[in-house]
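Participant: Provided herewith is a single structure, encoded as structure tokens, for subsequent inquiry.
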Amino acid sequence: MTAASRSITRAVLSREQAEGVGARVRRSIGRPELRNHDPFLMLDEFNVDKNGGFPDHPHRGFETVTYMLEGQFQHEDFAGHKGTIGPGDLQWMTAGRGIVHSEMPVKSQTRAHGLQLWINLPKEHKMCEPQYQELLDKEVKRARPEEGVEIKVIAGQSHGVSSQVYTRTPTMYLDIKMDKNKTVVQTIPASFTGFIYTLKGTIFVGDNAFKGEAHHTLTFSEDGAETVKITTKEESAHFVLIAGEPLREPIVQHGPFVMNSKEEIYSTIRDYHSGTNGFEHARDWSSTIA
């Protein structure tokens, strides 16, 4: 007897909107209908032309995960960390007590296309020292449970394959490509919340085969089921499956700052503008890639 699959509780289309400079994003988590899917704060599918991007801006209190699908993105922060990520590459940035950085496309290309996920940090880690975990596409482990199904294990585990990424908030992040007429059953910890964001094609999720089309966010039931069944029919599909342990803590967000109280937000704004308590390097810094 097979275990029951998580079901889909809602499907929300991500419409394209302007963000940053010359950037277009399809917002998944973070839309009015999907505000803060604990522990996730935001998921954007971004398309940026070579003259656009996300110039100097701060973060505190959470993690950003940038995953490239096409093109290349440069990043630089106020502590001197600088680099470029290309197709299939991953940057897992823990902002912690404070980062100011710039994220810009490489100018020699036509566009940069990828995903950026914001993961909330628990109270005890919100003021940790900033950290980067960066993996090239070839360093991200794959699971291939059957021919025609490839799962890149960005975080967590899938079919006996474990990611090397350390997650302060327990997180599963899988990039899944399936040929047509395939089925995959993915294990998910019973306590995790989660969702699928579809990039291409049509999938059918759960025992009732809920239909999910491209650029939709499909949120999972929170019923303690420890698997989710995903099937393709007449066409191949590409999607990400993201799940994590909910923090169940107060969330107070002011733009790029996410803390547990208004008082902590006021303190963060003061720290940023005064260049103190984690933002010391911000006073006279501006990026060279903006």
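Residue names in the structure tokens use chain letters A, B, ... in the order shown, residue numbers from 1 in each chain, and ligand numbers from 1 in the order shown.
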Would you mind listing what lies within 10 Å of Gly88 in chain A as a count of residues only, with only C-alpha atoms counted and same-chain residues fewer than 2 positions away left out?
Facilitator: 18
Participant: Name the residues in contact with range 271-288 of chain A at a cut-off of 9 Å, using only C-alpha atoms, excluding same-chain residues fewer than 6 positions from it; report them as a ChimeraX atom specification.
Facilitator: /A:55-56,58,76-79,96-102,127,129
Participant: Hey, what does DSSP flag as strand (DSSP E or B) within range 32-281 of chain A? Can you give it to me as a ChimeraX atom specification?
Facilitator: /A:37,40-60,62-70,73-77,82-85,90-94,99-105,111-120,131-135,142-146,149-155,157-158,161-162,171-178,183-187,193-200,203-205,210-212,216-220,227-231,237-244,252-254,257-259
Participant: Could you take the residues named above and write them with C-alpha atoms, as a compact mmCIF listing (two decimals), in the first residue's frame?
Facilitator:
```txt
# COMPACT_ATOMS: atom_id res chain seq x y z
CA HIS A 37 4.74 31.00 3.43
CA PHE A 40 9.77 31.39 3.08
CA LEU A 41 9.45 35.12 2.54
CA MET A 42 9.74 35.46 -1.24
CA LEU A 43 10.44 33.61 -4.47
CA ASP A 44 11.04 35.57 -7.67
CA GLU A 45 11.65 34.30 -11.18
CA PHE A 46 13.69 37.13 -12.66
CA ASN A 47 14.58 38.22 -16.18
CA VAL A 48 17.10 41.04 -16.39
CA ASP A 49 18.52 42.60 -19.55
CA LYS A 50 22.17 43.58 -19.72
CA ASN A 51 21.43 47.19 -18.74
CA GLY A 52 19.29 46.29 -15.73
CA GLY A 53 19.87 44.66 -12.38
CA PHE A 54 19.68 45.19 -8.64
CA PRO A 55 22.16 47.93 -7.62
CA ASP A 56 23.48 48.51 -4.07
CA HIS A 57 20.94 47.47 -1.42
CA PRO A 58 21.03 46.08 2.15
CA HIS A 59 19.69 42.94 3.86
CA ARG A 60 19.34 41.80 7.46
CA PHE A 62 17.29 36.24 6.49
CA GLU A 63 18.99 34.32 3.66
CA THR A 64 18.86 34.84 -0.10
CA VAL A 65 19.34 31.94 -2.50
CA THR A 66 20.14 32.91 -6.10
CA TYR A 67 19.90 30.09 -8.63
CA MET A 68 20.75 30.84 -12.26
CA LEU A 69 18.85 29.26 -15.15
CA GLU A 70 20.32 31.24 -18.07
CA PHE A 73 25.05 37.42 -12.72
CA GLN A 74 27.79 39.36 -10.96
CA HIS A 75 27.63 40.07 -7.25
CA GLU A 76 29.71 42.24 -4.96
CA ASP A 77 29.30 43.19 -1.31
CA LYS A 82 32.81 39.40 -5.38
CA GLY A 83 32.11 36.82 -8.05
CA THR A 84 30.03 35.62 -10.98
CA ILE A 85 27.48 32.82 -11.17
CA LEU A 90 24.02 28.65 -6.90
CA GLN A 91 24.74 31.34 -4.31
CA TRP A 92 23.33 30.79 -0.81
CA MET A 93 23.88 34.03 1.08
CA THR A 94 23.21 34.34 4.79
CA ILE A 99 25.03 42.83 4.10
CA VAL A 100 25.02 45.58 1.50
CA HIS A 101 25.54 44.23 -1.99
CA SER A 102 24.87 44.64 -5.69
CA GLU A 103 23.57 42.00 -8.12
CA MET A 104 24.01 42.85 -11.81
CA PRO A 105 23.99 40.89 -15.10
CA ARG A 111 19.74 38.56 -20.40
CA ALA A 112 20.04 36.86 -17.04
CA HIS A 113 17.25 34.49 -16.00
CA GLY A 114 16.99 32.77 -12.64
CA LEU A 115 15.26 32.36 -9.30
CA GLN A 116 15.82 34.14 -6.02
CA LEU A 117 14.41 32.67 -2.82
CA TRP A 118 14.29 34.47 0.55
CA ILE A 119 14.36 32.17 3.60
CA ASN A 120 13.65 33.56 7.05
CA GLN A 131 28.21 33.81 5.15
CA TYR A 132 28.26 32.61 1.55
CA GLN A 133 27.88 29.10 0.19
CA GLU A 134 28.50 28.98 -3.55
CA LEU A 135 28.30 25.96 -5.84
CA ARG A 142 21.84 14.97 -8.89
CA ALA A 143 19.38 12.19 -8.20
CA ARG A 144 18.08 10.16 -11.14
CA PRO A 145 15.39 7.86 -9.73
CA GLU A 146 14.56 6.65 -13.25
CA VAL A 149 13.78 12.21 -14.37
CA GLU A 150 16.63 14.43 -13.10
CA ILE A 151 16.58 16.09 -9.68
CA LYS A 152 19.21 18.66 -8.73
CA VAL A 153 19.49 18.58 -4.95
CA ILE A 154 20.19 22.22 -4.10
CA ALA A 155 19.28 21.69 -0.43
CA GLN A 157 17.73 15.17 0.24
CA SER A 158 16.18 13.30 -2.66
CA VAL A 161 21.29 12.05 -2.57
CA SER A 162 22.10 14.80 -0.05
CA THR A 171 15.15 23.51 3.93
CA MET A 172 14.59 21.29 0.89
CA TYR A 173 15.18 22.87 -2.54
CA LEU A 174 14.97 20.62 -5.59
CA ASP A 175 15.17 21.52 -9.29
CA ILE A 176 13.27 18.79 -11.14
CA LYS A 177 13.14 18.04 -14.86
CA MET A 178 10.82 15.28 -16.09
CA THR A 183 6.03 9.84 -12.23
CA VAL A 184 8.21 10.73 -9.28
CA VAL A 185 7.43 10.37 -5.57
CA GLN A 186 9.42 12.73 -3.34
CA THR A 187 9.72 12.29 0.41
CA THR A 193 5.46 23.36 4.69
CA GLY A 194 6.14 23.53 0.97
CA PHE A 195 5.21 24.41 -2.57
CA ILE A 196 6.07 23.83 -6.22
CA TYR A 197 6.83 26.63 -8.66
CA THR A 198 6.43 25.54 -12.28
CA LEU A 199 8.85 26.90 -14.89
CA LYS A 200 7.80 24.96 -17.98
CA ILE A 203 2.43 18.58 -14.04
CA PHE A 204 -0.17 16.66 -12.07
CA VAL A 205 0.32 16.58 -8.30
CA PHE A 210 -4.09 18.46 -9.43
CA LYS A 211 -3.08 20.19 -12.67
CA GLY A 212 -0.24 22.72 -12.40
CA HIS A 216 2.08 28.83 -11.08
CA THR A 217 2.79 28.35 -7.38
CA LEU A 218 1.17 25.19 -5.99
CA THR A 219 1.04 25.08 -2.20
CA PHE A 220 1.10 21.75 -0.37
CA THR A 227 5.43 12.15 0.24
CA VAL A 228 4.30 14.11 -2.79
CA LYS A 229 3.54 12.40 -6.09
CA ILE A 230 4.19 14.31 -9.31
CA THR A 231 3.29 13.08 -12.81
CA ALA A 237 8.12 19.69 -17.35
CA HIS A 238 10.61 21.75 -15.35
CA PHE A 239 9.83 22.99 -11.84
CA VAL A 240 11.28 23.57 -8.40
CA LEU A 241 10.02 21.91 -5.22
CA ILE A 242 10.76 23.93 -2.09
CA ALA A 243 9.88 22.97 1.49
CA GLY A 244 11.06 23.87 4.97
CA VAL A 252 8.07 42.07 10.85
CA GLN A 253 9.37 43.07 7.44
CA HIS A 254 10.47 46.47 6.21
CA PHE A 257 14.99 43.90 6.62
CA VAL A 258 13.15 41.00 8.33
CA MET A 259 13.08 40.83 12.12
```
Participant: Restricting the calculation to only C-alpha atoms: of A:Ala214, A:Ile8, A:Ala95, A:Ile188, which residue gets closest to Arg26 in chain A?
Facilitator: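 Ranking A:Ala214, A:Ile8, A:Ala95, A:Ile188 by distance to Arg26 in chain A, first place goes to A:Ala214.
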Participant: May I ask which of the residues A:Asn181, A:Leu13, A:His159, A:Thr232 is the closest one to Thr202 in chain A, counting only C-alpha atoms?
Facilitator: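 Using only C-alpha atoms, the shortest distance to Thr202 in chain A belongs to A:Thr232.
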Participant: By how many Å are CA of Gly224 in chain A and CA of Ile29 in chain A apart?
Facilitator: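 Distance reported for this atom pair: 21.5 Å.
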Participant: For a quick check of understanding, using only C-alpha atoms, which of A:Lys107, A:Arg31, A:Arg24, A:Arg248 has the smallest distance to Leu121 in chain A?
Facilitator: A:Arg248
Participant: Report the distance between CA of Asn208 in chain A and CA of Asn36 in chain A in Å, rounded to one decimal place.
Facilitator: 26.4 Å
Participant: Kindly give the distance, in Å, that separates CA of Lys126 in chain A and CA of Arg27 in chain A, rounded to a single decimal.
Facilitator: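 Between CA of Lys126 in chain A and CA of Arg27 in chain A the gap works out to 24.1 Å.
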Participant: Which residue, A:Pro170, A:Gly201, A:Pro87, A:Pro250, has the smallest gap to Glu213 in chain A when you use only C-alpha atoms?
Facilitator: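 Comparing A:Pro170, A:Gly201, A:Pro87, A:Pro250 against Glu213 in chain A, the winner is A:Gly201.
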Participant: With distances taken over only C-alpha atoms, which residue among A:Glu124, A:Glu234, A:Asp38, A:Glu16 lies nearest Lys182 in chain A?
Facilitator: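 Using only C-alpha atoms, the shortest distance to Lys182 in chain A belongs to A:Glu234.
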